[in-house]
>>> print(open('data.txt').read())   # compact mmCIF, C-alpha atoms
# COMPACT_ATOMS: atom_id res chain seq x y z
CA ASN A 113 -3.67 -4.85 -93.39
CA ASP A 114 -4.82 -3.79 -89.91
CA GLU A 115 -2.19 -5.92 -88.16
CA ILE A 116 0.64 -4.34 -90.16
CA GLU A 117 -0.69 -0.88 -89.34
CA ARG A 118 -0.98 -1.78 -85.66
CA LEU A 119 2.60 -3.07 -85.55
CA GLN A 120 3.90 0.05 -87.30
CA GLU A 121 2.12 2.21 -84.71
CA GLU A 122 3.54 0.07 -81.89
CA ILE A 123 7.08 0.47 -83.27
CA ALA A 124 6.60 4.24 -83.49
CA ARG A 125 5.30 4.31 -79.90
CA GLN A 126 8.23 2.27 -78.59
CA ASP A 127 10.63 4.55 -80.53
CA GLN A 128 9.17 7.49 -78.64
CA ILE A 129 9.53 5.74 -75.27
CA ILE A 130 13.11 4.66 -76.10
CA ALA A 131 14.04 8.25 -77.04
CA GLN A 132 12.65 9.56 -73.75
CA PHE A 133 14.49 6.96 -71.68
CA GLU A 134 17.73 7.64 -73.59
CA GLN A 135 17.35 11.36 -72.81
CA MET A 136 16.97 10.51 -69.12
CA GLN A 137 19.98 8.22 -69.26
CA ALA A 138 22.04 11.03 -70.80
CA THR A 139 20.85 13.40 -68.06
CA PHE A 140 21.58 11.10 -65.11
CA GLY A 141 24.67 9.34 -66.46
CA ALA A 142 26.09 6.87 -63.93
CA ALA A 143 23.31 7.81 -61.48
CA THR A 144 20.54 6.58 -63.82
CA PRO A 145 17.79 4.95 -61.68
CA PRO A 146 17.33 1.19 -62.23
CA ALA A 147 13.72 1.76 -63.35
CA VAL A 148 14.98 3.86 -66.29
CA VAL A 149 17.52 1.19 -67.32
CA GLN A 150 14.87 -1.53 -67.08
CA GLY A 151 12.28 0.60 -68.90
CA LEU A 152 14.72 1.24 -71.74
CA ALA A 153 15.51 -2.47 -72.04
CA ASP A 154 11.80 -3.36 -72.02
CA ALA A 155 10.98 -0.74 -74.67
CA ARG A 156 13.80 -1.95 -76.93
CA ALA A 157 12.66 -5.55 -76.53
CA ALA A 158 9.06 -4.59 -77.31
CA ARG A 159 10.17 -2.66 -80.40
CA ASP A 160 12.34 -5.55 -81.62
CA GLN A 161 9.44 -7.97 -81.15
CA ALA A 162 7.05 -5.72 -83.07
CA ALA A 163 9.62 -5.23 -85.85
CA SER A 164 10.14 -9.01 -86.05
CA ASP A 165 6.36 -9.62 -86.22
CA LEU A 166 6.05 -6.93 -88.88
CA ALA A 167 8.82 -8.49 -90.99
CA ALA A 168 7.10 -11.88 -90.73
CA LEU A 169 3.95 -10.31 -92.18
CA GLY A 170 5.90 -8.84 -95.05
CA GLY A 171 5.53 -5.29 -93.74
CA THR A 172 8.26 -2.71 -93.56
CA THR A 173 9.47 -0.34 -90.88
CA ALA A 174 10.57 2.17 -93.53
CA THR A 175 7.60 4.42 -92.84
CA VAL A 176 8.30 4.27 -89.12
CA THR A 177 12.06 4.76 -89.02
CA PRO A 178 11.99 8.57 -89.44
CA MET A 179 9.77 8.90 -86.34
CA PRO A 180 12.20 8.52 -83.38
CA THR A 181 12.27 12.30 -82.95
CA PRO A 182 10.80 12.71 -79.45
CA ALA A 183 9.71 16.25 -80.28
CA THR A 184 7.08 15.02 -82.75
CA PRO A 185 4.84 12.90 -80.47
CA ALA A 186 4.95 15.32 -77.52
CA PRO A 187 2.48 17.86 -78.94
CA ALA A 188 0.12 15.00 -79.81
CA ILE A 189 -0.02 14.07 -76.12
CA ALA A 190 -0.41 17.64 -74.95
CA ALA A 191 -2.94 18.67 -77.60
CA PRO A 192 -6.02 17.04 -76.01
CA ILE A 193 -5.20 18.76 -72.73
CA GLU A 194 -4.90 22.16 -74.38
CA ALA A 195 -8.09 21.51 -76.33
CA ALA A 196 -9.93 20.51 -73.18
CA ALA A 197 -8.59 23.52 -71.33
CA SER A 198 -9.84 25.89 -74.02
CA ALA A 199 -13.21 24.16 -74.55
CA PRO A 200 -16.37 26.23 -74.05
CA GLY A 201 -17.06 26.86 -70.40
CA THR A 202 -13.50 26.12 -69.27
CA ALA A 203 -11.71 28.95 -71.09
CA PRO A 204 -10.39 30.50 -67.84
CA ILE A 205 -8.23 27.39 -67.34
CA ALA A 206 -6.48 27.88 -70.70
CA PRO A 207 -3.62 30.02 -69.36
CA SER A 208 -2.27 27.28 -67.12
CA PRO A 209 -0.88 28.41 -63.78
CA ALA A 210 2.88 28.46 -63.52
CA GLY A 211 4.67 26.02 -61.29
CA PRO A 212 4.54 22.23 -60.90
CA ARG A 213 1.09 20.80 -61.59
CA LEU A 214 -0.87 17.81 -62.83
CA VAL A 215 -3.42 18.29 -65.62
CA ILE A 216 -6.13 15.62 -65.60
CA VAL A 217 -6.50 14.21 -69.12
CA GLU A 218 -10.27 13.66 -68.77
CA GLY A 219 -11.56 17.20 -68.32
CA GLY A 220 -8.36 19.26 -68.22
CA GLN A 221 -8.57 20.15 -64.50
CA VAL A 222 -5.33 21.57 -63.11
CA LEU A 223 -3.99 20.35 -59.75
CA LYS A 224 -1.23 22.59 -58.45
CA LEU A 225 1.45 20.73 -56.51
CA PRO A 226 2.59 22.23 -53.21
CA THR A 227 6.12 23.59 -53.55
CA ASP A 228 6.73 23.88 -49.80
CA LYS A 229 6.93 20.08 -49.40
CA SER A 230 9.63 17.70 -50.54
CA GLU A 231 7.21 14.75 -50.55
CA ILE A 232 3.65 14.77 -51.92
CA THR A 233 1.32 11.77 -51.68
CA VAL A 234 -1.17 11.09 -54.47
CA GLY A 235 -4.18 8.95 -53.61
CA ARG A 236 -7.72 9.05 -52.20
CA GLU A 237 -8.85 10.61 -48.95
CA ASP A 238 -10.10 8.15 -46.30
CA PRO A 239 -10.99 9.85 -43.00
CA VAL A 240 -11.75 6.47 -41.39
CA SER A 241 -8.15 5.36 -41.94
CA ASN A 242 -6.88 8.90 -41.29
CA ILE A 243 -5.43 9.12 -44.81
CA PHE A 244 -5.38 12.62 -46.31
CA PRO A 245 -3.11 12.74 -49.40
CA GLU A 246 -1.87 16.13 -50.61
CA VAL A 247 -3.27 15.27 -54.06
CA ASP A 248 -6.72 13.70 -53.67
CA MET A 249 -7.98 11.95 -56.82
CA THR A 250 -11.45 11.16 -55.41
CA ALA A 251 -13.14 14.05 -57.23
CA PHE A 252 -11.68 12.91 -60.56
CA GLY A 253 -13.10 9.37 -60.44
CA GLY A 254 -10.25 8.04 -58.36
CA GLU A 255 -12.22 5.27 -56.67
CA ALA A 256 -13.79 3.90 -59.87
CA GLY A 257 -10.49 4.53 -61.65
CA GLY A 258 -8.56 2.22 -59.36
CA VAL A 259 -6.55 4.83 -57.45
CA SER A 260 -5.26 3.47 -54.13
CA ARG A 261 -5.61 5.50 -50.93
CA GLN A 262 -1.84 5.95 -50.90
CA HIS A 263 -1.05 5.36 -54.56
CA ALA A 264 2.18 7.19 -55.37
CA ARG A 265 4.57 9.76 -53.98
CA LEU A 266 6.05 12.74 -55.81
CA THR A 267 9.35 14.05 -54.45
CA GLN A 268 11.43 17.06 -55.37
CA SER A 269 15.03 17.94 -54.64
CA ASN A 270 16.93 20.84 -56.21
CA GLY A 271 14.30 21.17 -58.92
CA GLN A 272 14.35 17.48 -59.90
CA TRP A 273 11.01 15.75 -59.50
CA MET A 274 10.69 12.00 -59.04
CA ILE A 275 7.72 9.65 -58.71
CA ILE A 276 7.53 6.48 -56.61
CA ASP A 277 4.75 3.91 -56.77
CA LEU A 278 3.65 3.01 -53.23
CA ASN A 279 2.87 -0.63 -54.09
CA SER A 280 -0.51 0.46 -55.45
CA THR A 281 -3.14 -2.13 -56.42
CA ASN A 282 -3.55 -0.92 -60.02
CA TYR A 283 -0.03 0.37 -60.63
CA THR A 284 1.50 3.67 -61.66
CA ARG A 285 2.66 4.19 -65.25
CA VAL A 286 4.85 6.93 -66.70
CA ASP A 287 4.56 7.37 -70.48
CA GLY A 288 3.11 3.85 -70.63
CA THR A 289 5.89 2.21 -68.58
CA ARG A 290 4.73 0.49 -65.39
CA LEU A 291 6.78 1.47 -62.35
CA GLU A 292 8.21 -1.06 -59.97
CA PRO A 293 6.97 -0.42 -56.39
CA ASN A 294 9.19 1.83 -54.27
CA VAL A 295 11.62 2.59 -57.13
CA ALA A 296 12.02 6.30 -57.93
CA MET A 297 11.50 7.41 -61.53
CA PRO A 298 12.65 10.88 -62.70
CA LEU A 299 9.97 13.15 -64.18
CA ARG A 300 10.25 15.69 -66.97
CA ASP A 301 7.79 18.31 -68.14
CA GLY A 302 5.05 16.85 -70.34
CA MET A 303 5.26 13.27 -69.09
CA ARG A 304 2.00 11.33 -68.85
CA ILE A 305 1.40 9.71 -65.46
CA GLN A 306 -1.31 7.11 -64.96
CA PHE A 307 -2.56 6.40 -61.44
CA GLY A 308 -4.63 3.24 -61.98
CA ARG A 309 -6.86 4.34 -64.85
CA ILE A 310 -6.70 8.07 -64.10
CA ALA A 311 -4.23 9.80 -66.41
CA ALA A 312 -2.60 13.20 -65.89
CA ILE A 313 0.12 15.23 -67.58
CA PHE A 314 2.95 16.46 -65.37
CA HIS A 315 4.04 20.05 -65.98
CA LEU A 316 6.73 22.18 -64.37
>>> encode(input="data.txt", output="structure tokens")
Amino acid sequence: NDEIERLQEEIARQDQIIAQFEQMQATFGAATPPAVVQGLADARAARDQAASDLAALGGTTATVTPMPTPATPAPAIAAPIEAAASAPGTAPIAPSPAGPRLVIVEGGQVLKLPTDKSEITVGREDPVSNIFPEVDMTAFGGEAGGVSRQHARLTQSNGQWMIIDLNSTNYTRVDGTRLEPNVAMPLRDGMRIQFGRIAAIFHL
């Protein structure tokens, strides 16, 4: 049954998101950002709903339960990037540069993030409005992909990177979770960030 299979996949996906949020909660302790707490609650609710729907269809979560290990899905997310980076004609990109960077999912382009700034704006350049973001998504289909001129801000302090949605039109998502505007979300290596419809993998 396609619906049972879809629900099992949804439960596995929510398990992965829950595991990531729980890791962040363990890292930040009492200082856990509200977006993480809310994201964890939303993911648990979504998983419970999917499990309930699955039970109603007579399916079982037995095949899904062993999957909460966050280490398992991570390579699956990274694999297309590595494959794209080592595709014919782009081999020189394969050894990714060290340091903080965004790797565009469609095409595998690497955008190095400036380390001499504590705040980095991601968006689209607009000379008329005098907007020149440090990370310009125009060349990667930013306009068609729904990237706002000032879409999101990356910040770093003592090695900890955070991302803040700047009330963008088409939202910012981290590992599938939509960010509330102007609420900082901690980033870890390998997280998938979506600016509108343009997706990138964050690497340290």
>>> atom_distance(input="data.txt", atom1="atom CA of A:Leu214", atom2="atom CA of A:Ala138")
25.2 Å
>>> closest_residue(input="data.txt", among="A:Ile276, A:Val149, A:Leu166, A:Leu316", to="A:Glu122", atoms="all atoms listed in the file")
A:Leu166
>>> residues_around(input="data.txt", residues="A:Arg290", least_positions_apart="5", cutoff="12 Å", atoms="all atoms listed in the file", output="ChimeraX atom specification")
/A:147-148,150-152,154-155,275-277,279-280,282-285,295-297,304-308
>>> atom_distance(input="data.txt", atom1="atom CA of A:Gln128", atom2="atom CA of A:Met274")
20.2 Å
>>> closest_residue(input="data.txt", among="A:Leu119, A:Leu225, A:Ala167, A:Met136", to="A:Phe314", atoms="only C-alpha atoms")
A:Leu225
>>> residues_around(input="data.txt", residues="A:Thr267", least_positions_apart="6", cutoff="6 Å", atoms="only C-alpha atoms", output="list in words")
Ser230, Glu231, Trp273 and Met274 of chain A
>>> residues_near_point(input="data.txt", point="(8.9, 23.2, -61.3)", cutoff="10 Å", atoms="only C-alpha atoms", output="ChimeraX atom specification")
/A:210-213,225,227,268,270-273,300-301,314-316
>>> atom_distance(input="data.txt", atom1="atom CA of A:Arg156", atom2="atom CA of A:Asp127")
8.1 Å
